[in-house]
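Data file: model_0.txt. Format and content: compact mmCIF, C-alpha atoms and all ligand atoms.
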# COMPACT_ATOMS: atom_id res chain seq x y z
CA MET A 30 173.82 86.28 54.40
CA ALA A 31 170.05 86.22 54.31
CA ALA A 32 169.82 82.45 54.20
CA GLY A 33 172.73 81.84 56.58
CA ARG A 34 172.80 80.24 59.98
CA ALA A 35 170.62 82.01 62.50
CA GLY A 36 170.47 81.76 66.29
CA PHE A 37 167.37 82.75 68.25
CA ILE A 38 168.34 83.40 71.85
CA TYR A 39 165.82 82.22 74.37
CA SER A 40 165.20 79.93 77.29
CA ARG A 41 162.34 79.38 79.69
CA GLU A 42 164.64 80.47 82.48
CA LEU A 43 163.91 84.05 81.37
CA GLU A 44 160.23 83.53 82.17
CA LYS A 45 160.97 83.33 85.87
CA TYR A 46 161.45 87.07 86.14
CA SER A 47 159.18 90.05 85.69
CA TYR A 48 159.24 93.76 86.39
CA PRO A 49 156.54 94.98 88.83
CA PRO A 50 153.05 94.59 87.33
CA GLU A 51 152.44 98.35 87.01
CA HIS A 52 155.70 98.85 85.08
CA PRO A 53 155.42 99.27 81.28
CA PHE A 54 158.38 96.96 80.56
CA THR A 55 157.34 93.34 80.33
CA THR A 56 159.68 90.40 80.01
CA ILE A 57 156.92 88.28 78.45
CA ARG A 58 157.53 89.75 75.01
CA ALA A 59 160.38 87.34 74.23
CA ARG A 60 158.26 84.31 75.07
CA ARG A 61 155.38 85.56 72.96
CA THR A 62 157.70 86.28 70.04
CA ARG A 63 159.01 82.75 70.32
CA GLU A 64 155.48 81.32 70.42
CA ILE A 65 154.55 83.04 67.17
CA LEU A 66 157.72 81.90 65.45
CA ASN A 67 157.39 78.37 66.75
CA SER A 68 153.81 78.13 65.49
CA MET A 69 155.02 79.28 62.07
CA GLY A 70 157.84 76.74 62.03
CA LEU A 71 160.44 79.50 61.80
CA LEU A 72 162.72 78.38 64.64
CA SER A 73 164.21 75.30 63.04
CA GLY A 74 165.42 74.05 59.68
CA ASN A 75 167.43 76.05 57.14
CA GLY A 76 170.28 76.60 59.59
CA ARG A 77 168.09 78.04 62.34
CA SER A 78 168.46 77.07 65.96
CA GLU A 79 167.47 78.17 69.43
CA VAL A 80 170.27 78.99 71.81
CA ALA A 81 169.82 79.34 75.56
CA PRO A 82 171.47 82.31 77.28
CA VAL A 83 173.83 81.82 80.20
CA PRO A 84 174.33 84.52 82.83
CA ALA A 85 176.99 87.07 81.91
CA GLU A 86 180.13 86.78 84.00
CA ARG A 87 180.98 89.57 86.39
CA ILE A 88 184.41 90.02 84.82
CA VAL A 89 182.66 90.75 81.53
CA LEU A 90 180.12 93.11 83.09
CA LYS A 91 183.04 95.10 84.48
CA LYS A 92 184.20 95.90 80.97
CA PHE A 93 181.46 98.56 81.02
CA HIS A 94 179.97 98.85 84.52
CA SER A 95 181.78 99.89 87.69
CA ALA A 96 182.25 97.39 90.52
CA ARG A 97 180.49 99.83 92.83
CA TYR A 98 177.42 99.91 90.61
CA LEU A 99 177.27 96.14 90.12
CA HIS A 100 177.52 95.67 93.87
CA ALA A 101 174.71 98.16 94.50
CA LEU A 102 172.50 96.49 91.90
CA LYS A 103 173.07 93.01 93.27
CA THR A 104 172.48 93.95 96.87
CA ALA A 105 169.41 96.07 96.08
CA ALA A 106 167.86 93.07 94.38
CA LYS A 107 168.37 91.20 97.65
CA GLY A 108 166.63 93.93 99.60
CA ARG A 109 169.70 95.72 100.94
CA TRP A 110 170.67 99.24 100.02
CA ALA A 111 174.27 100.00 99.20
CA ALA A 112 175.49 103.56 99.64
CA GLY A 113 174.54 105.74 96.70
CA ALA A 114 172.24 103.20 95.06
CA LEU A 115 169.44 105.71 94.47
CA ASP A 116 171.94 108.24 93.11
CA MET A 117 172.90 105.57 90.59
CA GLY A 118 169.28 105.32 89.46
CA ILE A 119 168.54 102.08 91.29
CA GLY A 120 165.09 101.99 92.87
CA THR A 121 163.50 104.82 90.91
CA GLY A 122 160.09 104.67 89.23
CA ASP A 123 161.74 103.85 85.91
CA CYS A 124 164.23 101.37 87.36
CA PRO A 125 162.54 99.77 90.32
CA VAL A 126 164.03 97.07 92.48
CA PHE A 127 162.19 93.78 92.09
CA ASN A 128 162.69 90.17 92.97
CA GLY A 129 165.20 88.55 90.64
CA LEU A 130 166.23 91.88 89.11
CA TYR A 131 169.95 91.12 89.10
CA GLU A 132 169.53 87.56 87.86
CA TYR A 133 167.26 88.71 85.05
CA ALA A 134 169.53 91.56 83.96
CA VAL A 135 172.57 89.29 83.96
CA LEU A 136 170.79 86.49 82.10
CA ALA A 137 169.28 88.79 79.47
CA THR A 138 172.73 90.34 78.98
CA GLY A 139 174.24 86.86 78.76
CA GLY A 140 171.88 86.24 75.84
CA THR A 141 173.31 89.15 73.89
CA LEU A 142 176.84 88.05 74.75
CA ILE A 143 176.12 84.51 73.52
CA ALA A 144 174.86 86.07 70.32
CA ALA A 145 178.18 87.92 70.00
CA LYS A 146 180.04 84.67 70.60
CA LEU A 147 178.04 82.85 67.92
CA ILE A 148 178.99 85.56 65.47
CA LEU A 149 182.65 85.71 66.51
CA SER A 150 183.05 81.94 66.20
CA GLY A 151 181.32 81.90 62.85
CA ALA A 152 178.61 79.61 64.20
CA ALA A 153 175.91 82.09 63.16
CA ASP A 154 175.55 84.80 60.55
CA VAL A 155 172.60 86.35 62.33
CA ALA A 156 171.56 86.11 65.96
CA PHE A 157 168.59 87.69 67.68
CA ASN A 158 168.09 88.16 71.41
CA PRO A 159 164.61 89.60 71.93
CA SER A 160 165.42 89.85 75.65
CA GLY A 161 168.26 92.30 74.97
CA GLY A 162 168.64 95.93 73.96
CA PHE A 163 169.08 97.78 77.28
CA HIS A 164 170.68 100.77 75.61
CA HIS A 165 170.11 103.41 78.31
CA ALA A 166 172.17 101.90 81.12
CA GLY A 167 175.38 103.78 81.91
CA PRO A 168 178.61 102.58 83.53
CA GLU A 169 177.29 103.62 86.90
CA ARG A 170 173.65 104.28 86.20
CA ALA A 171 170.35 102.45 85.83
CA SER A 172 168.16 104.43 83.45
CA GLY A 173 165.06 104.08 81.29
CA PHE A 174 164.11 100.55 82.43
CA CYS A 175 167.72 99.43 81.79
CA TYR A 176 170.17 98.12 84.40
CA ILE A 177 172.96 96.40 82.46
CA ASN A 178 173.87 97.60 79.01
CA ASP A 179 174.07 94.37 77.06
CA VAL A 180 174.43 96.08 73.70
CA ALA A 181 177.35 98.26 74.81
CA LEU A 182 179.00 95.16 76.24
CA ALA A 183 178.51 93.24 73.00
CA CYS A 184 180.07 96.11 71.02
CA ILE A 185 183.02 96.19 73.45
CA ILE A 186 183.62 92.47 73.10
CA LEU A 187 183.36 92.53 69.33
CA ALA A 188 185.73 95.52 69.17
CA GLU A 189 188.19 93.76 71.49
CA GLN A 190 188.40 91.01 68.89
CA GLY A 191 189.38 93.58 66.30
CA LYS A 192 185.98 93.89 64.67
CA ARG A 193 184.74 97.19 63.28
CA VAL A 194 181.24 97.50 64.67
CA ALA A 195 178.33 99.46 63.24
CA TYR A 196 175.73 99.88 65.97
CA VAL A 197 172.33 100.76 64.53
CA ASP A 198 169.60 101.71 67.01
CA VAL A 199 166.01 102.20 65.83
CA ASP A 200 164.39 102.25 69.27
CA VAL A 201 162.23 105.38 69.50
CA HIS A 202 164.42 106.63 72.34
CA HIS A 203 168.00 107.84 71.86
CA GLY A 204 170.50 105.03 72.41
CA ASP A 205 172.40 107.23 74.85
CA GLY A 206 174.18 104.56 76.89
CA VAL A 207 175.79 103.07 73.81
CA ALA A 208 176.44 106.38 72.04
CA TYR A 209 178.30 107.78 75.04
CA ALA A 210 180.19 104.51 75.66
CA PHE A 211 181.93 104.97 72.30
CA TYR A 212 181.75 108.75 71.96
CA ASP A 213 185.52 109.14 71.58
CA ARG A 214 186.16 105.93 69.63
CA SER A 215 186.16 105.19 65.93
CA ASP A 216 186.11 101.39 66.15
CA VAL A 217 182.40 101.41 66.99
CA MET A 218 180.18 103.68 64.93
CA THR A 219 176.84 104.35 66.61
CA ILE A 220 173.84 105.43 64.57
CA SER A 221 170.63 106.19 66.48
CA PHE A 222 167.28 107.05 64.95
CA HIS A 223 164.86 108.34 67.55
CA GLU A 224 162.03 110.74 68.29
CA ASN A 225 162.95 114.39 68.79
CA PRO A 226 164.71 114.58 72.18
CA ARG A 227 162.75 117.72 73.02
CA MET A 228 159.68 115.53 73.15
CA LEU A 229 160.97 112.34 74.68
CA PHE A 230 163.26 110.67 77.20
CA PRO A 231 166.25 110.78 77.57
CA GLY A 232 166.43 114.29 76.09
CA THR A 233 169.68 113.72 74.20
CA GLY A 234 170.62 112.70 70.66
CA PHE A 235 170.60 115.96 68.71
CA GLU A 236 172.16 116.28 65.26
CA ASP A 237 175.20 118.10 66.65
CA GLU A 238 176.20 115.28 69.01
CA ILE A 239 178.69 113.71 66.62
CA GLY A 240 181.42 112.22 68.82
CA ALA A 241 184.69 113.73 70.03
CA GLY A 242 188.42 113.29 69.44
CA ARG A 243 189.07 110.16 67.42
CA GLY A 244 185.37 109.44 67.63
CA LYS A 245 184.34 112.64 65.89
CA GLY A 246 181.98 111.67 63.09
CA TYR A 247 181.44 108.16 64.46
CA CYS A 248 178.43 109.06 66.60
CA VAL A 249 175.39 109.73 64.46
CA ASN A 250 172.06 111.00 65.73
CA VAL A 251 168.95 111.32 63.63
CA PRO A 252 166.11 112.91 65.63
CA LEU A 253 162.69 112.48 64.03
CA PRO A 254 159.57 114.63 64.40
CA VAL A 255 156.39 113.54 66.11
CA GLY A 256 154.18 111.75 63.61
CA THR A 257 157.02 110.33 61.49
CA TYR A 258 155.56 107.72 59.12
CA ASP A 259 157.12 104.87 57.16
CA GLN A 260 158.15 106.65 53.96
CA ALA A 261 159.62 109.62 55.82
CA TYR A 262 161.57 107.32 58.15
CA MET A 263 162.97 105.31 55.28
CA LYS A 264 163.97 108.50 53.49
CA ALA A 265 166.11 109.42 56.50
CA PHE A 266 167.48 105.90 56.92
CA GLU A 267 168.46 105.60 53.28
CA ALA A 268 169.95 109.10 53.09
CA VAL A 269 171.99 108.85 56.30
CA ALA A 270 172.59 105.29 57.46
CA LEU A 271 173.22 103.55 54.16
CA PRO A 272 176.05 105.78 52.89
CA LEU A 273 177.67 105.91 56.33
CA ILE A 274 177.60 102.14 56.84
CA THR A 275 178.95 101.69 53.32
CA ALA A 276 181.79 104.15 53.95
CA TYR A 277 182.56 102.71 57.37
CA ASN A 278 182.61 99.14 56.04
CA PRO A 279 181.98 97.34 59.35
CA ASP A 280 182.83 93.71 60.08
CA VAL A 281 179.63 93.24 62.07
CA ILE A 282 176.37 95.09 62.61
CA VAL A 283 174.72 95.30 66.03
CA PHE A 284 171.06 96.22 65.62
CA GLU A 285 168.93 97.43 68.54
CA LEU A 286 165.33 96.87 67.50
CA GLY A 287 163.20 98.63 70.05
CA ALA A 288 159.70 98.56 68.57
CA ASP A 289 158.38 101.61 70.39
CA GLY A 290 158.38 103.65 67.19
CA LEU A 291 155.30 101.74 66.04
CA ALA A 292 152.05 103.69 65.74
CA GLY A 293 150.03 103.41 68.93
CA ASP A 294 152.94 102.87 71.29
CA PRO A 295 151.80 104.32 74.61
CA LEU A 296 155.16 105.93 75.42
CA ALA A 297 156.04 107.64 72.14
CA HIS A 298 154.65 109.53 69.16
CA LEU A 299 155.88 108.09 65.87
CA HIS A 300 153.47 106.49 63.38
CA LEU A 301 155.44 103.59 61.97
CA THR A 302 154.34 100.17 60.82
CA ASN A 303 156.54 97.13 61.17
CA ASN A 304 157.28 97.29 57.44
CA VAL A 305 159.92 99.89 58.31
CA TYR A 306 161.82 97.35 60.39
CA ALA A 307 161.55 94.74 57.64
CA ASP A 308 162.88 97.21 55.07
CA ILE A 309 165.73 98.26 57.34
CA ILE A 310 166.74 94.64 57.97
CA LYS A 311 166.76 93.98 54.24
CA HIS A 312 169.09 96.94 53.83
CA LEU A 313 171.32 95.69 56.64
CA LEU A 314 171.43 92.18 55.16
CA SER A 315 172.54 93.68 51.85
CA PHE A 316 175.90 94.58 53.46
CA ASP A 317 176.57 90.84 53.72
CA LYS A 318 177.98 91.13 57.26
CA PRO A 319 176.95 89.24 60.40
CA ILE A 320 174.09 90.87 62.29
CA LEU A 321 173.56 90.73 66.04
CA ALA A 322 170.00 91.93 66.68
CA THR A 323 168.32 92.60 70.00
CA GLY A 324 164.95 93.71 71.26
CA GLY A 325 164.57 96.90 73.25
CA GLY A 326 161.56 99.10 73.94
CA GLY A 327 158.06 98.37 72.67
CA TYR A 328 155.11 98.98 74.95
CA ASP A 329 152.21 97.96 72.76
CA ILE A 330 152.87 94.31 73.46
CA ASP A 331 150.92 92.76 70.57
CA ASN A 332 152.50 95.07 68.00
CA THR A 333 155.96 94.61 69.47
CA VAL A 334 155.96 90.82 69.42
CA LYS A 335 154.57 90.83 65.88
CA ALA A 336 157.34 93.22 64.80
CA TRP A 337 160.03 91.06 66.40
CA ALA A 338 158.63 87.90 64.83
CA LEU A 339 158.65 89.70 61.48
CA ALA A 340 162.21 90.83 62.11
CA TRP A 341 163.39 87.28 62.74
CA SER A 342 161.58 86.08 59.64
CA ILE A 343 163.32 88.69 57.48
CA LEU A 344 166.69 88.04 59.15
CA CYS A 345 166.26 84.40 58.15
CA GLY A 346 165.58 85.30 54.54
CA GLU A 347 161.82 84.75 54.69
CA ASN A 348 159.26 87.37 53.63
CA GLY A 349 157.27 87.80 56.83
CA GLY A 350 153.92 86.84 55.33
CA ASP A 351 150.99 87.71 57.57
CA LEU A 352 153.23 89.32 60.16
CA ARG A 353 153.39 92.54 58.17
CA ASP A 354 151.22 95.46 59.24
CA ARG A 355 148.89 97.05 56.75
CA ALA A 356 150.18 100.32 55.33
CA GLN A 357 149.01 103.37 57.30
CA ALA A 358 147.34 106.29 55.55
CA VAL A 359 149.30 109.52 55.78
CA SER A 360 147.29 112.72 56.08
CA ALA A 361 148.22 115.81 54.07
CA GLN A 362 148.86 117.63 57.31
CA GLN A 363 151.15 114.86 58.61
CA HIS A 364 153.01 114.90 55.33
CA ASP A 365 153.38 118.69 55.37
CA THR A 366 154.73 118.85 58.91
CA VAL A 367 156.90 115.74 59.01
CA LEU A 368 158.67 115.84 55.67
CA PRO A 369 160.25 119.31 55.91
CA ALA A 370 161.51 118.53 59.42
CA ILE A 371 163.05 115.23 58.27
CA GLU A 372 164.66 116.89 55.27
CA ALA A 373 166.20 119.54 57.52
CA THR A 374 167.53 116.82 59.84
CA ILE A 375 169.03 114.89 56.94
CA GLU A 376 170.82 118.01 55.70
CA ALA A 377 172.12 118.82 59.19
CA VAL A 378 173.48 115.32 59.74
CA LYS A 379 175.06 115.25 56.31
CA ALA A 380 176.72 118.62 56.89
CA ASN A 381 178.08 117.56 60.30
CA ILE A 382 179.19 114.00 59.55
CA PHE A 383 179.57 113.22 55.86
CA PRO A 384 182.71 115.29 55.16
CA ILE A 385 184.55 113.37 57.91
CA HIS A 386 183.93 110.20 55.88
CA LYS A 387 184.68 111.90 52.55
CA LEU A 388 181.05 111.61 51.50
ZN ZN B 401 162.64 102.94 73.77

Here is a file; write its structure as structure tokens.
Amino acid sequence: MAAGRAGFIYSRELEKYSYPPEHPFTTIRARRTREILNSMGLLSGNGRSEVAPVPAERIVLKKFHSARYLHALKTAAKGRWAAGALDMGIGTGDCPVFNGLYEYAVLATGGTLIAAKLILSGAADVAFNPSGGFHHAGPERASGFCYINDVALACIILAEQGKRVAYVDVDVHHGDGVAYAFYDRSDVMTISFHENPRMLFPGTGFEDEIGAGRGKGYCVNVPLPVGTYDQAYMKAFEAVALPLITAYNPDVIVFELGADGLAGDPLAHLHLTNNVYADIIKHLLSFDKPILATGGGGYDIDNTVKAWALAWSILCGENGGDLRDRAQAVSAQQHDTVLPAIEATIEAVKANIFPIHKL
């Protein structure tokens, strides 16, 4: 589907909102990604189009979030405090209350839901919402800069329509909100690659968290050591994700592309270049299934927008050109510490999960 129809989700309406200036999460990344792509002529022609998000409807939000939580979020954004708001993570350092918070969260989520609609209707084979990817939010919890879990909602809606969903999360942080949303279900397989939870928020996502009940074996966690570099990452991706996605045979792939695994990200400790994301997308395209991609983390802004522009280019069947990072040198010491840890992780995940899928 590499050369299929592709929808880039964006509108200037999103530019009206921003997190507080001292907060690491910036909403400007989507606009800057769009600017790069527009200047390269990659937003039109060959079946590509821009699609504006519309705010997600409350009835849809309630498929994942509680009414109590949505009420607290909405009223906090208007400067009033509902009972228990802080206990639900609203108004913390990570998830501050700011002007337009609710409108932004609902509009960004609406973008991911439009992407799901484009895929369900067959109007697009790939869709990318760089303003999405809020994978930490829980049913009744704001967490890790996330208020409304657009990716969990998209998976719910796709599953409701009878689709088997493979959710692939390469954000450097564990995709906990989505993993736990489907922990006991087999109609959405979640696969999260992330930095070792002993080193990084949210502190979950170990190899032995594999789902429960009917969902046992359908929650996959691949924790990666500090200093993980491109070749080591791809070794894990190819050894774990590819056989599992093949065995699962999804109807659609939801791909959370947080770019905070890139070398130099101020919040994390992996040493990736954006070539990893390009290689992963090529692998995902090879399954010949629709792909709903979102943004996510990514706190080195220049590197993040370049990675997302590259991702769109590859999703559209282009080669990325100048958007690719130069290969990073790997020191002998990095090699000697990272590789054995990755190999041990691969073996642990295989032992825990593969037999369930007859692999
Ligand atoms: Zn992240």

Can you pull out every residue within 7 Å of Tyr48 of chain A, counting all atoms listed in the file, but drop anything in the same chain fewer than 5 positions away, and send it as a PDB file with C-alpha atoms, in the coordinates of the input?
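Result went into result-v2.pdb, see below:
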ATOM      1  CA  PHE A  54     158.380  96.960  80.560  1.00  0.00           C
ATOM      2  CA  THR A  55     157.340  93.340  80.330  1.00  0.00           C
ATOM      3  CA  PHE A 127     162.190  93.780  92.090  1.00  0.00           C
TER       4      PHE A 127
END

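Minimum distance to ligand ZN 401 (chain B) across A:Met218, A:Val249, A:Leu229, A:Ala370 (counting only C-alpha atoms and all ligand atoms) occurs at A:Leu229.
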
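Interatomic distance, atom CA of His298 of chain A against atom CA of Arg60 of chain A: 26.2 Å.
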
How far is it from atom CA of Glu169 of chain A to atom CA of Leu130 of chain A, in Å with one decimal?
16.3 Å

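Interatomic distance, atom CA of Thr323 of chain A against atom CA of Leu286 of chain A: 5.8 Å.
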
Closest pair table for chain A residues within 6 Å of ligand ZN 401 (chain B), all atoms listed in the file, as a tab-separated table:
residue	atom	partner	partner_atom	distance
A:Asp200	CA	B:ZN401	ZN	4.9
A:Val201	CA	B:ZN401	ZN	4.9
A:His202	CA	B:ZN401	ZN	4.3
A:Gly287	CA	B:ZN401	ZN	5.7
A:Asp289	CA	B:ZN401	ZN	5.6
A:Gly326	CA	B:ZN401	ZN	4.0

Write the selection just made, keeping C-alpha atoms, as a PDB file, keeping the file's coordinate frame?
ATOM      1  CA  ASP A 200     164.390 102.250  69.270  1.00  0.00           C
ATOM      2  CA  VAL A 201     162.230 105.380  69.500  1.00  0.00           C
ATOM      3  CA  HIS A 202     164.420 106.630  72.340  1.00  0.00           C
ATOM      4  CA  GLY A 287     163.200  98.630  70.050  1.00  0.00           C
ATOM      5  CA  ASP A 289     158.380 101.610  70.390  1.00  0.00           C
ATOM      6  CA  GLY A 326     161.560  99.100  73.940  1.00  0.00           C
TER       7      GLY A 326
END

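Among the candidate residues A:Ile320, A:Ile143, A:Val180, A:Ala276, the one lying nearest to Ile385 of chain A is A:Ala276, with distances computed using all atoms listed in the file.
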
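When all atoms listed in the file are used to measure the gap to Leu388 of chain A, the shortest distance among A:Leu271, A:Leu344, A:Val251, A:Ala101 belongs to A:Leu271.
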
Best match for closeness to Gly290 of chain A among A:Val199, A:Ala322, A:Ile220, A:Ile330, counting all atoms listed in the file
A:Val199

Give me the residues near Gly140 of chain A as a ChimeraX atom specification, where near means some atom within 8 Å (using only C-alpha atoms) and where sequence neighbours in that chain fewer than 3 positions away do not count.
/A:38-39,81-85,136-137,143-144,158,160-161

Could the residues in this selection be saved with C-alpha atoms as a PDB file, in the frame of the given file?
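Saved file selection11.pdb follows:
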ATOM      1  CA  ILE A  38     168.340  83.400  71.850  1.00  0.00           C
ATOM      2  CA  TYR A  39     165.820  82.220  74.370  1.00  0.00           C
ATOM      3  CA  ALA A  81     169.820  79.340  75.560  1.00  0.00           C
ATOM      4  CA  PRO A  82     171.470  82.310  77.280  1.00  0.00           C
ATOM      5  CA  VAL A  83     173.830  81.820  80.200  1.00  0.00           C
ATOM      6  CA  PRO A  84     174.330  84.520  82.830  1.00  0.00           C
ATOM      7  CA  ALA A  85     176.990  87.070  81.910  1.00  0.00           C
ATOM      8  CA  LEU A 136     170.790  86.490  82.100  1.00  0.00           C
ATOM      9  CA  ALA A 137     169.280  88.790  79.470  1.00  0.00           C
ATOM     10  CA  ILE A 143     176.120  84.510  73.520  1.00  0.00           C
ATOM     11  CA  ALA A 144     174.860  86.070  70.320  1.00  0.00           C
ATOM     12  CA  ASN A 158     168.090  88.160  71.410  1.00  0.00           C
ATOM     13  CA  SER A 160     165.420  89.850  75.650  1.00  0.00           C
ATOM     14  CA  GLY A 161     168.260  92.300  74.970  1.00  0.00           C
TER      15      GLY A 161
END

Shell of 7 Å around segment 183-189 of chain A, all atoms listed in the file, local chain residues under 3 positions omitted, as JSON, numbers by chain
{"A": [141, 142, 145, 179, 180, 192, 193, 194, 216]}

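Among the candidates A:Val197, A:Asn348, A:Glu236, A:Arg77, the residue lying nearest to Glu376 of chain A is A:Glu236 (atoms considered: all atoms listed in the file).
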